[in-house]
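Asker: What follows is start-v5.txt; its format and atoms are compact mmCIF, C-alpha atoms.
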```txt
# COMPACT_ATOMS: atom_id res chain seq x y z
CA MET O 20 -1.94 -23.18 -17.37
CA LYS O 21 1.50 -22.42 -18.77
CA ASN O 22 2.71 -20.08 -16.03
CA GLN O 23 0.98 -21.78 -13.14
CA PRO O 24 4.17 -22.82 -11.28
CA ILE O 25 5.41 -19.21 -11.36
CA ILE O 26 2.04 -17.88 -10.21
CA GLU O 27 2.08 -20.41 -7.38
CA LEU O 28 5.57 -19.28 -6.29
CA LEU O 29 4.47 -15.65 -6.37
CA ARG O 30 1.22 -16.37 -4.55
CA SER O 31 2.98 -18.21 -1.76
CA GLY O 32 5.60 -15.46 -1.42
CA GLU O 33 8.37 -18.04 -1.73
CA ALA O 34 11.40 -16.23 -0.26
CA ALA O 35 14.09 -17.83 -2.44
CA PHE O 36 12.15 -17.09 -5.61
CA PHE O 37 11.54 -13.44 -4.68
CA LYS O 38 15.20 -12.95 -3.75
CA GLU O 39 16.33 -14.46 -7.04
CA GLN O 40 13.97 -12.38 -9.17
CA TYR O 41 14.83 -9.24 -7.20
CA SER O 42 18.55 -9.68 -7.82
CA LEU O 43 18.14 -10.65 -11.46
CA TYR O 44 16.75 -7.34 -12.70
CA ARG O 45 17.87 -4.94 -9.99
CA GLU O 46 20.83 -3.38 -11.78
CA GLU O 47 18.96 -3.03 -15.06
CA PHE O 48 16.00 -1.38 -13.38
CA ILE O 49 18.05 1.01 -11.23
CA GLY O 50 20.03 2.06 -14.32
CA TYR O 51 16.80 2.69 -16.21
CA ALA O 52 15.29 4.69 -13.31
CA LEU O 53 18.42 6.83 -12.96
CA LYS O 54 18.19 7.73 -16.65
CA LYS O 55 14.64 8.90 -15.99
CA GLY O 56 15.96 11.34 -13.40
CA ILE O 57 15.07 9.34 -10.30
CA ASP O 58 17.56 9.32 -7.44
CA PRO O 59 19.05 5.94 -6.43
CA ALA O 60 17.24 5.69 -3.07
CA ALA O 61 13.85 6.38 -4.67
CA ALA O 62 14.65 3.93 -7.48
CA VAL O 63 15.29 1.18 -4.92
CA ASP O 64 12.03 2.05 -3.11
CA ILE O 65 10.09 1.88 -6.38
CA TYR O 66 11.70 -1.45 -7.29
CA GLN O 67 10.84 -2.91 -3.86
CA ASP O 68 7.28 -1.57 -3.95
CA SER O 69 6.85 -3.22 -7.35
CA PHE O 70 7.68 -6.61 -5.86
CA VAL O 71 5.24 -6.09 -2.98
CA ILE O 72 2.51 -5.21 -5.49
CA LEU O 73 3.50 -8.23 -7.58
CA PHE O 74 3.01 -10.45 -4.52
CA GLU O 75 -0.24 -8.75 -3.57
CA ASN O 76 -1.66 -9.14 -7.08
CA ALA O 77 -0.75 -12.83 -7.18
CA SER O 78 -1.94 -13.56 -3.67
CA SER O 79 -5.26 -11.75 -3.98
CA GLY O 80 -6.05 -13.50 -7.26
CA LYS O 81 -5.83 -10.35 -9.43
CA LEU O 82 -2.94 -11.99 -11.26
CA GLN O 83 -4.02 -15.48 -12.25
CA SER O 84 -1.86 -16.02 -15.32
CA LEU O 85 0.93 -14.24 -17.15
CA SER O 86 0.53 -13.32 -20.79
CA CYS O 87 4.13 -12.02 -20.85
CA SER O 88 7.38 -12.87 -19.10
CA LEU O 89 7.62 -12.22 -15.37
CA LYS O 90 10.35 -9.65 -16.03
CA THR O 91 8.02 -7.77 -18.37
CA TYR O 92 5.31 -7.80 -15.72
CA ILE O 93 7.65 -6.54 -12.98
CA PHE O 94 9.03 -3.80 -15.20
CA GLY O 95 5.49 -2.90 -16.21
CA ILE O 96 4.55 -2.26 -12.59
CA ALA O 97 7.84 -0.50 -11.87
CA ASN O 98 7.55 1.70 -14.95
CA ASN O 99 4.08 2.83 -13.95
CA LYS O 100 5.37 3.54 -10.45
CA ILE O 101 8.12 5.69 -11.99
CA ASN O 102 5.57 7.72 -13.94
CA GLU O 103 3.46 8.08 -10.82
CA PHE O 104 6.53 9.24 -8.90
CA LEU O 105 7.50 11.77 -11.58
CA ARG O 106 3.95 13.09 -11.76
CA LYS O 107 3.87 13.54 -7.99
CA ASP O 108 7.21 15.26 -8.17
CA GLN O 109 5.75 17.45 -10.93
CA LYS O 110 8.44 16.37 -13.36
CA THR O 111 7.63 15.93 -17.03
CA VAL O 112 6.86 12.40 -18.15
CA ASN O 113 8.25 11.92 -21.61
CA LEU O 114 5.57 9.89 -23.35
CA ASP O 115 7.80 9.25 -26.34
CA ASP O 116 10.36 7.55 -24.16
CA GLN O 117 8.34 4.90 -22.38
CA PHE O 118 9.90 1.59 -21.54
CA TYR O 119 9.69 -1.02 -24.26
CA ILE O 120 7.12 -3.13 -22.45
CA LYS O 121 4.43 -0.46 -22.47
CA GLU O 122 2.24 -2.11 -25.10
CA GLU O 123 2.29 -5.47 -23.42
CA ILE O 124 1.02 -4.35 -20.03
CA THR O 125 -2.19 -2.42 -20.22
CA HIS O 126 -4.14 -3.14 -17.06
CA LEU O 127 -1.97 -3.13 -13.99
CA ASP O 128 -3.37 -2.65 -10.54
CA LEU O 129 -0.83 -0.37 -8.89
CA GLU O 130 -2.75 0.68 -5.86
CA GLU O 131 -1.44 -1.05 -2.78
CA GLN O 132 -4.29 -2.06 -0.51
CA PHE O 133 -4.23 -0.77 3.05
CA LEU O 134 -6.16 -2.00 6.07
CA ASN O 135 -9.24 -0.26 7.44
CA SER O 136 -9.42 0.66 11.15
CA LYS O 137 -11.04 -2.60 12.25
CA GLN O 138 -8.49 -4.61 10.30
CA GLN O 139 -5.64 -2.59 11.78
CA VAL O 140 -6.76 -3.55 15.28
CA LEU O 141 -6.97 -7.20 14.20
CA ARG O 142 -3.53 -6.93 12.61
CA VAL O 143 -1.92 -5.75 15.84
CA ALA O 144 -3.64 -8.57 17.74
CA PHE O 145 -2.62 -11.11 15.11
CA ASP O 146 1.05 -10.34 15.76
CA GLN O 147 0.54 -11.28 19.41
CA LEU O 148 -0.71 -14.78 18.59
CA GLY O 149 1.57 -17.80 18.88
CA GLU O 150 3.22 -19.19 15.75
CA ARG O 151 0.90 -22.19 15.62
CA CYS O 152 -2.17 -19.94 15.51
CA LYS O 153 -0.64 -17.55 13.00
CA ASN O 154 0.18 -20.49 10.81
CA ILE O 155 -3.22 -22.17 10.85
CA ILE O 156 -5.03 -18.86 10.27
CA SER O 157 -2.72 -17.95 7.36
CA LEU O 158 -3.06 -21.36 5.77
CA PHE O 159 -6.83 -21.12 5.92
CA TYR O 160 -7.54 -17.47 5.07
CA LEU O 161 -4.55 -16.44 2.98
CA ASP O 162 -3.52 -19.64 1.23
CA GLY O 163 -7.11 -20.84 0.98
CA LEU O 164 -6.41 -24.37 2.16
CA THR O 165 -9.38 -26.45 3.26
CA ILE O 166 -9.52 -27.97 6.75
CA LYS O 167 -8.68 -31.34 5.23
CA GLU O 168 -5.67 -29.94 3.38
CA ILE O 169 -4.39 -28.27 6.55
CA MET O 170 -4.73 -31.59 8.36
CA THR O 171 -2.47 -33.24 5.77
CA VAL O 172 0.07 -30.44 5.43
CA GLU O 173 0.44 -29.85 9.16
CA ASN O 174 0.14 -33.49 10.25
CA TYR O 175 -2.95 -33.08 12.41
CA THR O 176 -4.68 -36.29 13.47
CA SER O 177 -8.17 -35.38 12.27
CA GLU O 178 -10.20 -32.62 10.61
CA ASN O 179 -11.97 -32.02 13.91
CA THR O 180 -8.64 -31.28 15.59
CA VAL O 181 -7.87 -28.67 12.91
CA LYS O 182 -11.34 -27.13 13.31
CA ALA O 183 -10.98 -26.98 17.09
CA GLN O 184 -7.50 -25.48 16.88
CA LYS O 185 -8.60 -22.84 14.36
CA SER O 186 -11.62 -22.00 16.47
CA ARG O 187 -9.42 -21.58 19.58
CA CYS O 188 -7.06 -19.30 17.66
CA MET O 189 -9.89 -17.12 16.36
CA LYS O 190 -11.31 -16.83 19.86
CA GLN O 191 -7.89 -15.84 21.18
CA LEU O 192 -7.53 -13.26 18.43
CA LYS O 193 -10.88 -11.70 19.28
CA GLU O 194 -9.92 -11.59 22.95
CA LEU O 195 -6.68 -9.81 22.09
CA THR O 196 -8.56 -7.10 20.18
CA LYS O 197 -10.42 -6.23 23.39
CA ASN O 198 -7.20 -5.37 25.24
CA MET J 15 -22.68 -26.72 1.22
CA ASP J 16 -20.97 -25.85 4.50
CA SER J 17 -20.80 -22.03 4.97
CA SER J 18 -17.08 -21.99 5.64
CA ASN J 19 -16.20 -23.97 2.50
CA LEU J 20 -18.54 -21.91 0.36
CA ILE J 21 -16.95 -18.67 1.55
CA GLN J 22 -13.47 -20.13 1.07
CA ASN J 23 -14.32 -21.04 -2.53
CA VAL J 24 -15.67 -17.57 -3.32
CA ILE J 25 -12.81 -15.69 -1.66
CA HIS J 26 -10.19 -17.79 -3.39
CA ASN J 27 -11.81 -17.53 -6.82
CA ARG J 28 -12.64 -21.20 -7.19
CA ALA J 29 -16.43 -21.16 -6.75
CA SER J 30 -18.53 -22.72 -9.49
CA GLN J 31 -21.41 -20.71 -10.96
CA GLU J 32 -23.93 -22.65 -8.82
CA GLU J 33 -21.86 -22.04 -5.70
CA PHE J 34 -21.64 -18.35 -6.48
CA ILE J 35 -25.43 -18.09 -6.84
CA GLU J 36 -25.88 -19.96 -3.56
CA PHE J 37 -23.33 -17.61 -1.96
CA GLN J 38 -25.21 -14.49 -3.11
CA ASN J 39 -28.54 -15.84 -1.89
CA ARG J 40 -27.17 -16.67 1.53
CA LEU J 41 -25.37 -13.38 1.77
CA GLU J 42 -28.65 -11.54 1.22
CA LYS J 43 -30.77 -13.65 3.54
CA ASP J 44 -28.55 -14.92 6.33
CA PRO J 45 -26.93 -12.28 8.64
CA LEU J 46 -24.76 -14.93 10.30
CA PHE J 47 -23.40 -16.00 6.92
CA LYS J 48 -22.74 -12.34 6.08
CA ALA J 49 -20.78 -11.91 9.32
CA LEU J 50 -18.73 -15.04 8.57
CA TYR J 51 -17.96 -13.69 5.10
CA GLN J 52 -16.88 -10.32 6.52
CA GLU J 53 -14.67 -12.12 9.02
CA ALA J 54 -13.02 -14.09 6.22
CA ILE J 55 -12.43 -10.88 4.23
CA ASP J 56 -10.83 -9.21 7.25
CA MET J 57 -8.69 -12.24 8.03
CA LYS J 58 -7.51 -12.49 4.45
CA ALA J 59 -6.60 -8.79 4.48
CA ILE J 60 -4.57 -8.98 7.70
CA THR J 61 -2.76 -12.20 6.79
CA LEU J 62 -1.94 -10.69 3.39
CA ASP J 63 -0.66 -7.56 5.10
CA LYS J 64 1.52 -9.65 7.41
CA LYS J 65 2.99 -11.50 4.45
CA LYS J 66 3.61 -8.21 2.62
CA SER J 67 5.64 -7.03 5.63
CA GLU J 68 7.68 -10.22 5.48
CA ILE J 69 8.34 -9.73 1.76
CA ARG J 70 9.32 -6.10 2.34
CA ASN J 71 11.80 -7.17 5.05
CA LEU J 72 13.15 -9.87 2.80
CA LEU J 73 13.79 -7.33 0.02
CA LEU J 74 15.39 -4.89 2.45
CA GLU J 75 17.74 -7.64 3.55
CA GLN J 76 18.45 -8.47 -0.09
CA GLU J 77 19.20 -4.80 -0.72
CA ARG J 78 21.67 -4.75 2.18
CA ASN J 79 23.31 -7.84 0.75
CA ALA J 80 23.47 -6.24 -2.70
CA ASN J 81 25.31 -3.29 -1.19
CA HIS J 82 27.74 -5.62 0.60
CA LEU J 83 28.44 -7.49 -2.61
CA LYS J 84 29.51 -4.39 -4.57
CA PRO J 85 32.89 -4.98 -6.32
CA LYS J 86 35.78 -4.71 -3.88
CA ASP J 87 38.58 -4.42 -6.42
CA SER J 88 39.40 -0.79 -5.82
CA THR J 89 43.01 -0.20 -4.80
CA LYS J 90 44.22 1.56 -1.66
CA SER J 91 45.13 4.71 -3.55
CA GLU J 92 41.67 4.78 -5.12
CA LYS J 93 40.17 4.42 -1.68
CA SER J 94 42.23 7.26 -0.27
CA GLY J 95 41.31 9.29 -3.36
CA VAL J 96 37.64 8.72 -2.63
CA LEU J 97 38.17 9.60 1.02
CA ARG J 98 39.89 12.82 0.00
CA TYR J 99 36.62 13.93 -1.61
CA LEU J 100 34.36 12.22 0.87
CA ILE J 101 35.64 13.84 4.06
CA PRO J 102 34.89 17.45 3.01
CA LEU J 103 31.50 16.27 1.73
CA ILE J 104 30.67 14.62 5.06
CA ALA J 105 31.77 17.77 6.90
CA ALA J 106 29.59 19.90 4.64
CA ALA J 107 26.64 17.55 5.14
CA ALA J 108 27.10 17.71 8.92
CA ILE J 109 27.02 21.53 8.79
CA ILE J 110 23.88 21.46 6.62
CA ILE J 111 22.17 19.01 9.00
CA PHE J 112 23.17 21.20 11.95
CA VAL J 113 21.76 24.32 10.27
CA LEU J 114 18.61 22.45 9.24
CA ASN J 115 18.16 21.26 12.82
CA LEU J 116 18.43 24.82 14.05
CA PHE J 117 15.88 25.82 11.46
CA ASN J 118 13.70 22.84 12.30
CA ASN J 119 13.54 23.84 15.95
CA ASN J 120 11.81 27.02 14.92
CA MET J 121 9.34 25.34 12.64
CA THR J 122 5.68 26.14 13.12
CA ALA J 123 2.72 23.87 12.49
CA ILE J 124 2.16 25.60 9.15
CA ASP J 125 5.81 25.04 8.15
CA LEU J 126 5.47 21.36 8.95
CA TYR J 127 2.22 21.21 7.04
CA ASP J 128 3.88 22.78 3.99
CA GLN J 129 6.77 20.36 4.31
CA ASN J 130 4.51 17.31 4.41
CA TYR J 131 1.51 18.20 2.30
CA GLU J 132 1.27 17.05 -1.24
CA PRO J 133 -2.08 16.70 -3.00
CA TYR J 134 -3.39 13.16 -3.12
CA ARG J 135 -3.10 11.84 -6.64
CA ASN J 136 -5.94 11.50 -9.08
CA VAL J 137 -6.77 7.78 -9.01
CA MET J 138 -8.89 8.05 -12.13
CA GLY J 139 -5.67 8.30 -14.12
CA GLY J 140 -3.56 11.31 -15.00
CA ILE J 141 -4.25 13.54 -17.94
CA GLU J 142 -1.90 12.68 -20.72
CA ARG J 143 -0.61 15.16 -23.25
CA GLY J 144 -3.11 15.92 -26.01
CA GLU J 145 -5.85 13.86 -24.37
CA GLU J 146 -9.39 15.17 -24.81
CA ILE J 147 -11.22 16.00 -21.57
CA LYS J 148 -14.59 14.24 -21.34
CA GLU J 149 -17.69 16.28 -20.55
CA ASP J 150 -19.29 14.07 -17.89
CA LEU J 151 -19.35 15.23 -14.27
CA ILE J 152 -16.90 12.61 -12.97
CA SER J 153 -14.26 13.40 -15.61
CA LYS J 154 -14.70 17.14 -15.05
CA ALA J 155 -14.38 16.73 -11.28
CA PHE J 156 -11.15 14.74 -11.55
CA TYR J 157 -9.80 17.00 -14.28
CA THR J 158 -10.35 20.17 -12.23
CA TYR J 159 -8.84 18.39 -9.22
CA GLU J 160 -5.75 17.44 -11.18
CA ILE J 161 -5.19 20.96 -12.54
CA LYS J 162 -5.65 22.23 -8.95
CA ASP J 163 -8.81 24.19 -9.66
CA TYR J 164 -9.90 23.10 -6.21
CA ALA J 165 -12.88 25.46 -5.88
CA THR J 166 -14.56 23.91 -8.94
CA ALA J 167 -13.44 20.41 -7.98
CA ALA J 168 -14.94 20.79 -4.48
CA MET J 169 -18.26 21.89 -5.95
CA LEU J 170 -18.31 19.00 -8.44
CA PHE J 171 -17.33 16.33 -5.91
CA ASP J 172 -20.00 17.67 -3.57
CA GLN J 173 -22.58 17.33 -6.37
CA LEU J 174 -21.34 13.84 -7.21
CA TYR J 175 -21.58 12.69 -3.60
CA GLU J 176 -25.07 14.15 -3.31
CA THR J 177 -26.31 12.12 -6.28
CA ASP J 178 -24.19 9.00 -5.87
CA HIS J 179 -23.10 8.22 -2.30
CA GLN J 180 -19.69 6.82 -3.23
CA SER J 181 -17.27 7.46 -0.38
CA MET J 182 -14.46 8.18 -2.87
CA TYR J 183 -16.24 11.43 -3.85
CA LEU J 184 -16.42 12.45 -0.19
CA PHE J 185 -12.68 11.85 0.17
CA TYR J 186 -11.87 13.91 -2.92
CA HIS J 187 -14.25 16.66 -1.82
CA ALA J 188 -12.27 16.86 1.43
CA ASN J 189 -9.00 16.88 -0.56
CA ALA J 190 -10.26 19.72 -2.74
CA GLN J 191 -11.30 21.75 0.31
CA LEU J 192 -7.89 21.21 1.90
CA GLY J 193 -6.23 22.09 -1.41
CA GLN J 194 -7.95 25.48 -1.49
CA GLY J 195 -7.21 26.15 2.16
CA ASN J 196 -10.68 25.57 3.66
CA THR J 197 -9.24 23.54 6.49
CA GLN J 198 -12.27 23.63 8.78
CA GLN J 199 -14.47 22.32 5.99
CA ALA J 200 -11.83 19.73 5.06
CA ILE J 201 -11.60 18.48 8.67
CA SER J 202 -15.35 18.05 8.86
CA LEU J 203 -15.40 16.08 5.58
CA TYR J 204 -12.44 13.87 6.50
CA LYS J 205 -14.09 13.10 9.84
CA GLN J 206 -17.27 12.17 8.01
CA HIS J 207 -15.22 9.96 5.68
CA GLN J 208 -13.52 8.27 8.64
CA ASN J 209 -16.86 6.71 9.54
CA ILE J 210 -16.78 4.77 6.29
CA GLN J 211 -14.43 1.82 6.06
CA ASP J 212 -13.40 2.12 2.42
CA ASP J 213 -10.09 1.79 0.58
CA PHE J 214 -9.26 5.44 1.24
CA TYR J 215 -9.63 5.16 5.00
CA ALA J 216 -5.89 5.19 5.79
CA ARG J 217 -5.24 7.97 3.29
CA SER J 218 -8.00 10.20 4.63
CA ARG J 219 -6.66 9.72 8.16
CA TRP J 220 -3.25 11.03 7.09
CA TYR J 221 -4.86 14.05 5.42
CA LEU J 222 -7.07 14.64 8.47
CA ALA J 223 -3.89 14.88 10.56
CA LEU J 224 -2.46 17.38 8.08
CA ALA J 225 -5.67 19.40 8.04
CA TYR J 226 -5.56 19.63 11.85
CA LEU J 227 -1.95 20.73 11.58
CA LYS J 228 -2.81 23.49 9.13
CA ASN J 229 -5.61 24.58 11.44
CA ASN J 230 -3.06 24.78 14.26
CA GLN J 231 -4.91 22.03 16.20
CA ILE J 232 -1.64 20.38 17.12
CA GLN J 233 -2.92 18.01 19.81
CA GLU J 234 -5.65 16.70 17.50
CA SER J 235 -3.11 16.27 14.73
CA LYS J 236 -0.77 14.37 17.06
CA ALA J 237 -3.59 12.05 18.19
CA VAL J 238 -4.41 11.12 14.59
CA LEU J 239 -0.73 10.75 13.69
CA GLU J 240 -0.24 8.39 16.66
CA GLU J 241 -2.95 6.18 15.16
CA VAL J 242 -1.44 6.38 11.67
CA SER J 243 2.02 5.47 12.94
CA LYS J 244 0.90 2.40 14.90
CA VAL J 245 0.59 0.02 11.98
CA GLU J 246 2.13 -0.30 8.54
CA SER J 247 -0.30 1.76 6.58
CA TYR J 248 -0.39 4.74 4.26
CA ASN J 249 2.45 7.17 5.17
CA TYR J 250 3.01 5.56 8.57
CA VAL J 251 6.76 6.28 8.38
CA LYS J 252 6.09 9.91 7.51
CA ALA J 253 3.65 10.06 10.42
CA ARG J 254 6.37 8.89 12.83
CA GLU J 255 8.78 11.50 11.47
CA LEU J 256 6.16 14.23 11.72
CA LEU J 257 5.38 13.24 15.31
CA LEU J 258 9.05 13.68 16.19
CA SER J 259 9.04 17.13 14.61
CA LEU J 260 5.90 18.01 16.55
CA LYS J 261 7.36 16.93 19.88
CA ASP J 262 8.24 20.44 21.01
CA LEU J 263 5.16 22.17 19.67
```
Starting from the coordinates I provided, produce the structure as structure tokens.

Answerer:
Amino acid sequence: MKNQPIIELLRSGEAAFFKEQYSLYREEFIGYALKKGIDPAAAVDIYQDSFVILFENASSGKLQSLSCSLKTYIFGIANNKINEFLRKDQKTVNLDDQFYIKEEITHLDLEEQFLNSKQQVLRVAFDQLGERCKNIISLFYLDGLTIKEIMTVENYTSENTVKAQKSRCMKQLKELTKN
Amino acid sequence: MDSSNLIQNVIHNRASQEEFIEFQNRLEKDPLFKALYQEAIDMKAITLDKKKSEIRNLLLEQERNANHLKPKDSTKSEKSGVLRYLIPLIAAAAIIIFVLNLFNNNMTAIDLYDQNYEPYRNVMGGIERGEEIKEDLISKAFYTYEIKDYATAAMLFDQLYETDHQSMYLFYHANAQLGQGNTQQAISLYKQHQNIQDDFYARSRWYLALAYLKNNQIQESKAVLEEVSKVESYNYVKARELLLSLKDL
């Protein structure tokens, strides 16, 4: 797939890549948002939220390939967030003055996903785990690595060691939720 | 195929058609498999949430850097010129903050509700200019909700939930009741919705806190806000701010 390396960078949340992309279009976006009547602080919030949604879409598999440039995709999300913001603020959205990428992005998932109550408890407990546990759990559940792949990436001696370590971490996590 | 691998393949969108059929069969017939699947879903959600926090912090840091890197070529006289305007502005802002604080101290639960309440948006998409309104019940319900005809919207969402038990309708019914000022009814509906773990869970908790506030049930509102503010979730920052404002009430 043509854009696969970019998708992979987005999916993994590669810090350097996100920083670079963030800086690249920041001024242009803030300028555009100000023209739409959005104050600078809100414009920055919208721009940051757009990057979080970009990551979430890539990581959850909603974004599997790009049919446009990454900049177009980011601005597509951000532009929709602007309209949402203006609607909330009860300001008029000028439909004749939409950003030039409107036609290219038609189906964007803008809704940021939040955790349910059970997941929130797990999330608090997860933060209390040691780095080794956090890492193995993230590699397995978030990055989707197999036990064998984790063994290779993390230099474990055998698949059984990885399985045992993961199992210990999950047990510890469950214990922490009881506190 | 091993349960764990099968679930991994489905969750990470790499299952073949055969694997997907096997997955569905096992999900229906094997409660242990179903529990493992739910565990994987929860774990994916929390690890994703953790990573989102990291990205947000990264961008905040980048933003701070961007502010530091602003051009520093302004001359001394320009700086003193800016200061000449800035000092009276800062003084004025301090007076405004002082006055607002005085005002804030006298704020009632209703004042704080008014300050924090804004109707939850219509997730079915806004009504664009010149767009024709469809006649089906769902479209009518969301349309009346969006134009703030909350009495009609409440009736329609109630009907929708009766016929099709989608928790989203329950949430919007509660929103419509809160919108038209039926706080007691809204509280009861939000509480009912809190028993369902859907995508609107965090949002309905925030609105439950507001509904309590409007009903002058300050302790109940505080208890819900404490929960909202504990983790990065919908309006958790606002919840912390509101808790501070509620401290003396």

Asker: Would you mind telling me which residue in J:Ile152, J:Leu74, J:Ile124, J:Ile25 lies nearest to Ser78 (chain O) when using all atoms listed in the file?

Answerer: J:Ile25

Asker: Hey, what's within 10 Å of Lys261 (chain J) if we count all atoms listed in the file and toss same-chain stuff fewer than 4 positions away? As a PyMOL selection string, please?

Answerer: chain J and resi 236+256-257

Asker: For chain O, work out the contacting residues on chain J at 8 Å, counting all atoms listed in the file, and write them as a PDB file with C-alpha atoms, in the coordinates of the input.

Answerer:
```
ATOM      1  CA  ASN J  19     -16.200 -23.970   2.500  1.00  0.00           C
ATOM      2  CA  GLN J  22     -13.470 -20.130   1.070  1.00  0.00           C
ATOM      3  CA  HIS J  26     -10.190 -17.790  -3.390  1.00  0.00           C
ATOM      4  CA  ASN J  27     -11.810 -17.530  -6.820  1.00  0.00           C
ATOM      5  CA  ALA J  54     -13.020 -14.090   6.220  1.00  0.00           C
ATOM      6  CA  ASP J  56     -10.830  -9.210   7.250  1.00  0.00           C
ATOM      7  CA  MET J  57      -8.690 -12.240   8.030  1.00  0.00           C
ATOM      8  CA  LYS J  58      -7.510 -12.490   4.450  1.00  0.00           C
ATOM      9  CA  ALA J  59      -6.600  -8.790   4.480  1.00  0.00           C
ATOM     10  CA  ILE J  60      -4.570  -8.980   7.700  1.00  0.00           C
ATOM     11  CA  THR J  61      -2.760 -12.200   6.790  1.00  0.00           C
ATOM     12  CA  LEU J  62      -1.940 -10.690   3.390  1.00  0.00           C
ATOM     13  CA  ASP J  63      -0.660  -7.560   5.100  1.00  0.00           C
ATOM     14  CA  LYS J  64       1.520  -9.650   7.410  1.00  0.00           C
ATOM     15  CA  LYS J  65       2.990 -11.500   4.450  1.00  0.00           C
ATOM     16  CA  LYS J  66       3.610  -8.210   2.620  1.00  0.00           C
ATOM     17  CA  ILE J  69       8.340  -9.730   1.760  1.00  0.00           C
ATOM     18  CA  ARG J  70       9.320  -6.100   2.340  1.00  0.00           C
ATOM     19  CA  LEU J  72      13.150  -9.870   2.800  1.00  0.00           C
ATOM     20  CA  LEU J  73      13.790  -7.330   0.020  1.00  0.00           C
ATOM     21  CA  GLN J  76      18.450  -8.470  -0.090  1.00  0.00           C
ATOM     22  CA  ALA J  80      23.470  -6.240  -2.700  1.00  0.00           C
ATOM     23  CA  ARG J 135      -3.100  11.840  -6.640  1.00  0.00           C
ATOM     24  CA  GLN J 211     -14.430   1.820   6.060  1.00  0.00           C
ATOM     25  CA  ASP J 212     -13.400   2.120   2.420  1.00  0.00           C
ATOM     26  CA  ASP J 213     -10.090   1.790   0.580  1.00  0.00           C
ATOM     27  CA  TYR J 215      -9.630   5.160   5.000  1.00  0.00           C
ATOM     28  CA  ALA J 216      -5.890   5.190   5.790  1.00  0.00           C
ATOM     29  CA  VAL J 245       0.590   0.020  11.980  1.00  0.00           C
ATOM     30  CA  SER J 247      -0.300   1.760   6.580  1.00  0.00           C
ATOM     31  CA  TYR J 248      -0.390   4.740   4.260  1.00  0.00           C
TER      32      TYR J 248
END
```

Asker: Name the residues within 9 Å of (2.0, 17.2, 6.3), counting all atoms listed in the file in the file's coordinates, and put them as a list in words.

Answerer: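 Residues found, by chain and rising number: Ile124, Asp125, Leu126, Tyr127, Asp128, Gln129, Asn130, Tyr131, Glu132, Trp220, Tyr221, Ala223, Leu224, Ala225, Leu227, Lys228, Lys252, Ala253 and Leu256 of chain J.
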
Asker: Could you tell me how far CA of Leu20 (chain J) lies from CA of Gly149 (chain O), in Å and to one decimal?

Answerer: 27.6 Å

Asker: Work out how far apart CA of Ala167 (chain J) and CA of Ser218 (chain J) are and give it in Å to one decimal.

Answerer: 17.1 Å

Asker: For CA of Leu260 (chain J) and CA of Lys244 (chain J), determine how far apart the two atoms are, in Å to one decimal place.

Answerer: 16.5 Å

Asker: Please identify all polymer residues within 9 Å of Leu184 (chain J), counting all atoms listed in the file, omitting same-chain residues fewer than 4 positions from it, and present them as a ChimeraX atom specification.

Answerer: /J:171-172,174-175,179-180,188-189,203-204,206-207

Asker: Could the residues in this selection be saved with C-alpha atoms as a CSV table (one decimal), keeping the file's coordinate frame?

Answerer:
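Wrote out-v3.csv, looks like this:
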```
chain,number,residue,atom,x,y,z
J,171,PHE,CA,-17.3,16.3,-5.9
J,172,ASP,CA,-20.0,17.7,-3.6
J,174,LEU,CA,-21.3,13.8,-7.2
J,175,TYR,CA,-21.6,12.7,-3.6
J,179,HIS,CA,-23.1,8.2,-2.3
J,180,GLN,CA,-19.7,6.8,-3.2
J,188,ALA,CA,-12.3,16.9,1.4
J,189,ASN,CA,-9.0,16.9,-0.6
J,203,LEU,CA,-15.4,16.1,5.6
J,204,TYR,CA,-12.4,13.9,6.5
J,206,GLN,CA,-17.3,12.2,8.0
J,207,HIS,CA,-15.2,10.0,5.7
```

Asker: Using all atoms listed in the file, can you list as a ChimeraX atom specification the residues within 9 Å of (13.9, 10.4, -12.4)?

Answerer: /O:52-58,61-62,101-102,104-105,110

Asker: I'd like the neighbourhood of Ala190 (chain J) as a list in words, where a residue qualifies if any of its atoms comes within 7 Å (using all atoms listed in the file), though same-chain residues fewer than 2 positions away should be ignored.

Answerer: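 Those residues are Tyr159, Tyr164, Ala167, Ala168, Tyr186, His187, Ala188, Leu192, Gly193 and Gln194 of chain J.
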